[in-house]
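Colleague: This one is target-v4.pdb, PDB, C-alpha atoms, pLDDT in the B column.
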ATOM      1  CA  MET Y   1     -12.921   9.693   9.573  1.00 67.00           C
ATOM      2  CA  GLU Y   2     -12.395   6.960  12.167  1.00 78.00           C
ATOM      3  CA  TRP Y   3     -15.910   5.683  11.564  1.00 75.00           C
ATOM      4  CA  LEU Y   4     -14.991   5.081   7.926  1.00 69.00           C
ATOM      5  CA  THR Y   5     -12.006   2.975   8.958  1.00 76.00           C
ATOM      6  CA  SER Y   6     -14.133   0.990  11.375  1.00 79.00           C
ATOM      7  CA  ALA Y   7     -16.807   0.463   8.662  1.00 80.00           C
ATOM      8  CA  ALA Y   8     -14.267  -0.893   6.142  1.00 78.00           C
ATOM      9  CA  PRO Y   9     -14.784  -4.574   7.116  1.00 82.00           C
ATOM     10  CA  ILE Y  10     -18.465  -4.122   6.273  1.00 81.00           C
ATOM     11  CA  ILE Y  11     -18.137  -1.892   3.217  1.00 81.00           C
ATOM     12  CA  ALA Y  12     -15.425  -3.920   1.407  1.00 81.00           C
ATOM     13  CA  PRO Y  13     -17.416  -7.202   1.268  1.00 86.00           C
ATOM     14  CA  ALA Y  14     -20.530  -5.282   0.297  1.00 84.00           C
ATOM     15  CA  PHE Y  15     -18.758  -3.703  -2.659  1.00 82.00           C
ATOM     16  CA  GLY Y  16     -17.127  -7.024  -3.523  1.00 84.00           C
ATOM     17  CA  ALA Y  17     -20.488  -8.765  -3.478  1.00 85.00           C
ATOM     18  CA  LEU Y  18     -21.919  -5.970  -5.594  1.00 83.00           C
ATOM     19  CA  GLY Y  19     -19.117  -6.517  -8.118  1.00 87.00           C
ATOM     20  CA  VAL Y  20     -19.709 -10.268  -8.189  1.00 85.00           C
ATOM     21  CA  VAL Y  21     -23.462  -9.819  -8.627  1.00 86.00           C
ATOM     22  CA  THR Y  22     -22.878  -7.298 -11.406  1.00 89.00           C
ATOM     23  CA  GLY Y  23     -20.455  -9.675 -13.120  1.00 87.00           C
ATOM     24  CA  ALA Y  24     -22.939 -12.512 -12.775  1.00 85.00           C
ATOM     25  CA  PHE Y  25     -25.641 -10.391 -14.323  1.00 86.00           C
ATOM     26  CA  PHE Y  26     -23.414  -9.492 -17.279  1.00 85.00           C
ATOM     27  CA  SER Y  27     -22.430 -13.128 -17.728  1.00 87.00           C
ATOM     28  CA  TYR Y  28     -26.075 -14.242 -17.637  1.00 86.00           C
ATOM     29  CA  ARG Y  29     -27.022 -11.565 -20.167  1.00 85.00           C
ATOM     30  CA  GLN Y  30     -24.199 -12.586 -22.484  1.00 87.00           C
ATOM     31  CA  VAL Y  31     -25.130 -16.280 -22.338  1.00 86.00           C
ATOM     32  CA  LYS Y  32     -28.770 -15.444 -23.010  1.00 86.00           C
ATOM     33  CA  ARG Y  33     -27.828 -13.316 -26.020  1.00 86.00           C
ATOM     34  CA  ARG Y  34     -25.625 -16.076 -27.387  1.00 86.00           C
ATOM     35  CA  GLY Y  35     -28.475 -18.552 -27.017  1.00 85.00           C
ATOM     36  CA  ASP Y  36     -30.856 -16.189 -28.799  1.00 85.00           C
ATOM     37  CA  ALA Y  37     -28.325 -15.670 -31.588  1.00 86.00           C
ATOM     38  CA  ASP Y  38     -27.847 -19.444 -31.940  1.00 85.00           C
ATOM     39  CA  GLU Y  39     -31.608 -19.861 -32.274  1.00 87.00           C
ATOM     40  CA  ARG Y  40     -31.765 -17.161 -34.925  1.00 88.00           C
ATOM     41  CA  VAL Y  41     -28.902 -18.742 -36.845  1.00 88.00           C
ATOM     42  CA  ALA Y  42     -30.592 -22.149 -36.723  1.00 87.00           C
ATOM     43  CA  ALA Y  43     -33.910 -20.649 -37.873  1.00 88.00           C
ATOM     44  CA  LEU Y  44     -32.249 -18.813 -40.747  1.00 87.00           C
ATOM     45  CA  LYS Y  45     -30.356 -21.932 -41.827  1.00 89.00           C
ATOM     46  CA  THR Y  46     -33.549 -23.968 -41.726  1.00 89.00           C
ATOM     47  CA  LYS Y  47     -35.367 -21.343 -43.751  1.00 88.00           C
ATOM     48  CA  ALA Y  48     -32.521 -21.159 -46.277  1.00 87.00           C
ATOM     49  CA  ASP Y  49     -32.449 -24.947 -46.637  1.00 87.00           C
ATOM     50  CA  ALA Y  50     -36.223 -25.052 -47.126  1.00 87.00           C
ATOM     51  CA  GLU Y  51     -36.096 -22.356 -49.780  1.00 86.00           C
ATOM     52  CA  ALA Y  52     -33.223 -24.093 -51.547  1.00 86.00           C
ATOM     53  CA  ALA Y  53     -35.136 -27.398 -51.530  1.00 86.00           C
ATOM     54  CA  GLU Y  54     -38.252 -25.631 -52.801  1.00 86.00           C
ATOM     55  CA  GLY Y  55     -36.244 -24.016 -55.569  1.00 84.00           C
ATOM     56  CA  GLN Y  56     -34.665 -27.335 -56.558  1.00 87.00           C
ATOM     57  CA  THR Y  57     -38.060 -29.054 -56.615  1.00 90.00           C
ATOM     58  CA  TYR Y  58     -39.477 -26.240 -58.697  1.00 86.00           C
ATOM     59  CA  VAL Y  59     -36.575 -26.437 -61.171  1.00 85.00           C
ATOM     60  CA  GLU Y  60     -36.951 -30.216 -61.472  1.00 88.00           C
ATOM     61  CA  ALA Y  61     -40.679 -29.830 -62.026  1.00 87.00           C
ATOM     62  CA  MET Y  62     -40.073 -27.240 -64.713  1.00 86.00           C
ATOM     63  CA  LYS Y  63     -37.513 -29.516 -66.400  1.00 87.00           C
ATOM     64  CA  THR Y  64     -40.108 -32.276 -66.432  1.00 89.00           C
ATOM     65  CA  VAL Y  65     -42.723 -29.931 -67.895  1.00 87.00           C
ATOM     66  CA  THR Y  66     -40.248 -28.701 -70.493  1.00 88.00           C
ATOM     67  CA  ALA Y  67     -39.362 -32.280 -71.447  1.00 86.00           C
ATOM     68  CA  GLY Y  68     -43.074 -33.061 -71.817  1.00 85.00           C
ATOM     69  CA  PHE Y  69     -43.601 -30.133 -74.136  1.00 81.00           C
ATOM     70  CA  SER Y  70     -40.597 -31.144 -76.226  1.00 83.00           C
ATOM     71  CA  SER Y  71     -42.026 -34.652 -76.613  1.00 81.00           C
ATOM     72  CA  LEU Y  72     -45.379 -33.215 -77.662  1.00 73.00           C
ATOM     73  CA  LEU Y  73     -43.690 -31.044 -80.289  1.00 65.00           C
ATOM     74  CA  ASP Y  74     -41.930 -34.091 -81.749  1.00 71.00           C
ATOM     75  CA  GLN Y  75     -45.255 -35.938 -82.070  1.00 72.00           C
ATOM     76  CA  GLN Y  76     -47.000 -33.078 -83.820  1.00 61.00           C
ATOM     77  CA  ARG Y  77     -44.421 -32.013 -86.396  1.00 60.00           C
ATOM     78  CA  GLY Y  78     -47.018 -31.761 -89.122  1.00 59.00           C
ATOM     79  CA  MET Y  79     -48.892 -28.975 -87.378  1.00 70.00           C
ATOM     80  CA  LEU Y  80     -46.652 -25.927 -87.602  1.00 70.00           C
ATOM     81  CA  ASP Y  81     -49.108 -23.512 -86.009  1.00 74.00           C
ATOM     82  CA  GLN Y  82     -49.578 -25.706 -82.939  1.00 68.00           C
ATOM     83  CA  GLN Y  83     -45.838 -26.176 -82.615  1.00 67.00           C
ATOM     84  CA  GLN Y  84     -45.273 -22.420 -82.594  1.00 80.00           C
ATOM     85  CA  VAL Y  85     -47.900 -21.865 -79.904  1.00 81.00           C
ATOM     86  CA  ILE Y  86     -46.483 -24.623 -77.698  1.00 83.00           C
ATOM     87  CA  LEU Y  87     -42.940 -23.358 -78.241  1.00 85.00           C
ATOM     88  CA  GLU Y  88     -43.991 -19.867 -77.167  1.00 90.00           C
ATOM     89  CA  GLN Y  89     -45.598 -21.297 -74.029  1.00 91.00           C
ATOM     90  CA  GLU Y  90     -42.440 -23.239 -73.288  1.00 92.00           C
ATOM     91  CA  ARG Y  91     -40.307 -20.107 -73.612  1.00 93.00           C
ATOM     92  CA  THR Y  92     -42.607 -18.188 -71.282  1.00 94.00           C
ATOM     93  CA  MET Y  93     -42.471 -20.937 -68.671  1.00 93.00           C
ATOM     94  CA  HIS Y  94     -38.704 -21.123 -68.992  1.00 93.00           C
ATOM     95  CA  ALA Y  95     -38.429 -17.357 -68.485  1.00 92.00           C
ATOM     96  CA  GLN Y  96     -40.667 -17.629 -65.424  1.00 93.00           C
ATOM     97  CA  THR Y  97     -38.537 -20.492 -64.117  1.00 93.00           C
ATOM     98  CA  VAL Y  98     -35.355 -18.501 -64.602  1.00 92.00           C
ATOM     99  CA  GLU Y  99     -36.960 -15.514 -62.867  1.00 93.00           C
ATOM    100  CA  ARG Y 100     -38.051 -17.688 -59.913  1.00 93.00           C
ATOM    101  CA  VAL Y 101     -34.590 -19.282 -59.632  1.00 92.00           C
ATOM    102  CA  ASN Y 102     -32.971 -15.829 -59.682  1.00 93.00           C
ATOM    103  CA  MET Y 103     -35.350 -14.672 -56.953  1.00 93.00           C
ATOM    104  CA  LEU Y 104     -34.536 -17.728 -54.820  1.00 91.00           C
ATOM    105  CA  GLU Y 105     -30.807 -17.174 -55.306  1.00 93.00           C
ATOM    106  CA  ALA Y 106     -31.170 -13.541 -54.203  1.00 92.00           C
ATOM    107  CA  GLY Y 107     -33.024 -14.724 -51.088  1.00 91.00           C
ATOM    108  CA  GLN Y 108     -30.295 -17.279 -50.411  1.00 93.00           C
ATOM    109  CA  LEU Y 109     -27.625 -14.559 -50.633  1.00 92.00           C
ATOM    110  CA  GLU Y 110     -29.547 -12.356 -48.181  1.00 93.00           C
ATOM    111  CA  LEU Y 111     -29.913 -15.230 -45.728  1.00 92.00           C
ATOM    112  CA  THR Y 112     -26.197 -15.998 -46.040  1.00 94.00           C
ATOM    113  CA  ARG Y 113     -25.420 -12.356 -45.221  1.00 94.00           C
ATOM    114  CA  GLU Y 114     -27.669 -12.519 -42.156  1.00 95.00           C
ATOM    115  CA  VAL Y 115     -26.003 -15.752 -40.990  1.00 94.00           C
ATOM    116  CA  ARG Y 116     -22.577 -14.112 -41.285  1.00 95.00           C
ATOM    117  CA  GLN Y 117     -23.816 -11.104 -39.341  1.00 96.00           C
ATOM    118  CA  LEU Y 118     -25.149 -13.344 -36.557  1.00 94.00           C
ATOM    119  CA  GLN Y 119     -21.869 -15.255 -36.469  1.00 95.00           C
ATOM    120  CA  GLU Y 120     -20.012 -11.947 -36.020  1.00 95.00           C
ATOM    121  CA  GLU Y 121     -22.350 -11.084 -33.138  1.00 95.00           C
ATOM    122  CA  GLN Y 122     -21.510 -14.437 -31.554  1.00 95.00           C
ATOM    123  CA  ARG Y 123     -17.795 -13.688 -31.813  1.00 95.00           C
ATOM    124  CA  LYS Y 124     -18.365 -10.301 -30.149  1.00 96.00           C
ATOM    125  CA  ASP Y 125     -20.387 -11.965 -27.371  1.00 93.00           C
ATOM    126  CA  ARG Y 126     -17.593 -14.456 -26.719  1.00 92.00           C
ATOM    127  CA  ARG Y 127     -15.032 -11.651 -26.463  1.00 94.00           C
ATOM    128  CA  TRP Y 128     -17.380  -9.817 -24.095  1.00 92.00           C
ATOM    129  CA  LYS Y 129     -17.705 -12.919 -21.903  1.00 89.00           C
ATOM    130  CA  ALA Y 130     -13.936 -13.299 -21.682  1.00 89.00           C
ATOM    131  CA  ALA Y 131     -13.571  -9.651 -20.633  1.00 91.00           C
ATOM    132  CA  ALA Y 132     -16.372 -10.019 -18.056  1.00 89.00           C
ATOM    133  CA  LEU Y 133     -14.730 -13.113 -16.580  1.00 88.00           C
ATOM    134  CA  ASP Y 134     -11.393 -11.285 -16.338  1.00 90.00           C
ATOM    135  CA  TYR Y 135     -13.165  -8.441 -14.557  1.00 90.00           C
ATOM    136  CA  ILE Y 136     -14.867 -10.832 -12.112  1.00 88.00           C
ATOM    137  CA  ARG Y 137     -11.552 -12.584 -11.422  1.00 88.00           C
ATOM    138  CA  ASP Y 138      -9.915  -9.221 -10.731  1.00 89.00           C
ATOM    139  CA  LEU Y 139     -12.722  -8.278  -8.358  1.00 88.00           C
ATOM    140  CA  ARG Y 140     -12.431 -11.639  -6.582  1.00 88.00           C
ATOM    141  CA  GLY Y 141      -8.702 -11.069  -6.217  1.00 89.00           C
ATOM    142  CA  LEU Y 142      -9.275  -7.610  -4.767  1.00 90.00           C
ATOM    143  CA  VAL Y 143     -11.873  -8.955  -2.352  1.00 88.00           C
ATOM    144  CA  SER Y 144      -9.467 -11.728  -1.285  1.00 88.00           C
ATOM    145  CA  LYS Y 145      -6.660  -9.243  -0.696  1.00 91.00           C
ATOM    146  CA  ALA Y 146      -8.907  -6.788   1.124  1.00 89.00           C
ATOM    147  CA  LEU Y 147     -10.431  -9.395   3.419  1.00 86.00           C
ATOM    148  CA  GLY Y 148      -7.345 -11.523   3.853  1.00 86.00           C
ATOM    149  CA  ARG Y 149      -9.380 -14.654   3.159  1.00 85.00           C
ATOM    150  CA  PRO Y 150     -10.844 -16.325   0.050  1.00 85.00           C
ATOM    151  CA  ALA Y 151     -13.527 -14.437  -1.845  1.00 80.00           C
ATOM    152  CA  PRO Y 152     -17.132 -15.643  -1.516  1.00 82.00           C
ATOM    153  CA  GLU Y 153     -18.139 -18.406  -3.895  1.00 85.00           C
ATOM    154  CA  PRO Y 154     -19.857 -17.182  -7.062  1.00 84.00           C
ATOM    155  CA  PRO Y 155     -23.435 -18.233  -7.906  1.00 83.00           C
ATOM    156  CA  GLU Y 156     -23.629 -21.717  -9.365  1.00 85.00           C
ATOM    157  CA  GLU Y 157     -24.747 -20.372 -12.777  1.00 82.00           C
ATOM    158  CA  ILE Y 158     -21.318 -18.847 -13.341  1.00 82.00           C
ATOM    159  CA  ALA Y 159     -19.197 -20.788 -10.851  1.00 81.00           C
ATOM    160  CA  ASP Y 160     -17.668 -23.105 -13.459  1.00 83.00           C
ATOM    161  CA  ASP Y 161     -16.605 -20.169 -15.604  1.00 81.00           C
ATOM    162  CA  VAL Y 162     -15.274 -18.030 -12.780  1.00 79.00           C
ATOM    163  CA  ILE Y 163     -13.621 -20.647 -10.553  1.00 78.00           C
ATOM    164  CA  GLY Y 164     -12.488 -22.892 -13.425  1.00 68.00           C
ATOM    165  CA  SER Y 165     -10.656 -20.024 -15.072  1.00 54.00           C
ATOM    166  CA  ASP Y 166      -9.178 -18.869 -11.703  1.00 52.00           C
ATOM    167  CA  ARG Y 167      -7.366 -22.170 -11.319  1.00 51.00           C
ATOM    168  CA  SER Y 168      -5.876 -22.243 -14.801  1.00 46.00           C
TER     169      SER Y 168
END
Taking this structure as input, can you express it in the form of structure tokens?
Modeller:
Amino acid sequence: MEWLTSAAPIIAPAFGALGVVTGAFFSYRQVKRRGDADERVAALKTKADAEAAEGQTYVEAMKTVTAGFSSLLDQQRGMLDQQQVILEQERTMHAQTVERVNMLEAGQLELTREVRQLQEEQRKDRRWKAAALDYIRDLRGLVSKALGRPAPEPPEEIADDVIGSDRS
């Protein structure tokens, strides 16, 4: 049992370093996930904007086509059969336009749902980071108390988060 007491100055820093390395790994993983989520959100927003612009262009084009057909009908009032055929074509195109707009709106709603889901994941990741930083700070405090001197400096990737929050 005496050997365990004599090995304590070696074992305590080793476990402390292991805790710091583990915390650093979790922090790195969380930051990477947040970055990936931000990229997905940006891609989904870009896709949604492109689809919305495409839908608007399509609607404007269909309005122009519809206006053209209306003008043609006014010019050819004397030909009832031709007017009926053109009117039927116009109704079909309008129905197709409405169907396309409805499809684009459904896609927009799905993309909005995905954006909200990704935003919720970001909130979870931020809460996870805060808990990981608290854990690292606790481990640093334990290492400081056990060694009777300041804990080793964290890696520079997480130093600002760990040390900056220790001082506040």
Colleague: Would you kindly return, as an mmCIF file with C-alpha atoms, keeping the file's coordinate frame, each protein, DNA or RNA residue with an atom no farther than 10 Å from any atom of Pro154 of chain Y, considering only C-alpha atoms and excluding same-chain residues fewer than 4 positions away?
Modeller:
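Now in selection35.cif:
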data_model
loop_
_atom_site.group_PDB
_atom_site.id
_atom_site.type_symbol
_atom_site.label_atom_id
_atom_site.label_comp_id
_atom_site.auth_asym_id
_atom_site.auth_seq_id
_atom_site.Cartn_x
_atom_site.Cartn_y
_atom_site.Cartn_z
ATOM 1 C CA ALA Y 17 -20.488 -8.765 -3.478
ATOM 2 C CA VAL Y 20 -19.709 -10.268 -8.189
ATOM 3 C CA VAL Y 21 -23.462 -9.819 -8.627
ATOM 4 C CA GLY Y 23 -20.455 -9.675 -13.120
ATOM 5 C CA ALA Y 24 -22.939 -12.512 -12.775
ATOM 6 C CA ILE Y 136 -14.867 -10.832 -12.112
ATOM 7 C CA ARG Y 140 -12.431 -11.639 -6.582
ATOM 8 C CA ILE Y 158 -21.318 -18.847 -13.341
ATOM 9 C CA ALA Y 159 -19.197 -20.788 -10.851
ATOM 10 C CA ASP Y 160 -17.668 -23.105 -13.459
ATOM 11 C CA ASP Y 161 -16.605 -20.169 -15.604
ATOM 12 C CA VAL Y 162 -15.274 -18.030 -12.780
ATOM 13 C CA ILE Y 163 -13.621 -20.647 -10.553
#
Colleague: Any chance you could work out the residue set of the PyMOL selection byres ((chain Y and resi 109-112) around 12) here, as an NGL selection string?
Modeller: :Y and (40-52 or 102-108 or 113-119)
Colleague: So what do you get for atom CA of Phe15 of chain Y versus atom CA of Trp128 of chain Y, distance-wise?
Modeller: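 Answer for the atom CA of Phe15 of chain Y to atom CA of Trp128 of chain Y separation: 22.3 Å.
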Colleague: For Thr57 of chain Y, which of Y:Ser27, Y:Ser6, Y:Ala37, Y:Arg100 is the closest residue, counting all atoms listed in the file?
Modeller: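 The answer is Y:Arg100, which sits nearest to Thr57 of chain Y.
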Colleague: For Gln89 of chain Y, work out the shell of residues within 10 Å, counting all atoms listed in the file and skipping chain neighbours fewer than 5 positions away, then give it as a list in words.
Modeller: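 Those residues are Thr66, Phe69, Gln83, Gln84, His94 and Ala95 of chain Y.
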Colleague: So how many Å separate atom CA of Glu99 of chain Y and atom CA of Ser70 of chain Y, to one decimal?
Modeller: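 Going from atom CA of Glu99 of chain Y over to atom CA of Ser70 of chain Y, I get 20.9 Å.
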Colleague: Step by step, work through what the PyMOL selection byres ((chain Y and resi 125) around 12) selects in the shown file, and finish by giving those residues as a PyMOL selection string.
Modeller: chain Y and resi 26-38+118-124+126-132
Colleague: Between atom CA of Leu87 of chain Y and atom CA of Glu60 of chain Y, what is the distance in Å, rounded to a tenth?
Modeller: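 These two atoms are separated by 19.1 Å.
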Colleague: Please provide as a VMD selection string all residues within 10 Å of segment 148-151 of chain Y, with the sequence filter that same-chain residues fewer than 2 positions apart are discarded (counting only C-alpha atoms).
Modeller: chain Y and resid 13 16 to 17 20 137 139 to 146 153 to 154
Colleague: I'd like to know which of Y:Leu18, Y:Ile10, Y:Glu39, Y:Gln96 is closest to Met62 of chain Y, using only C-alpha atoms.
Modeller: Y:Gln96
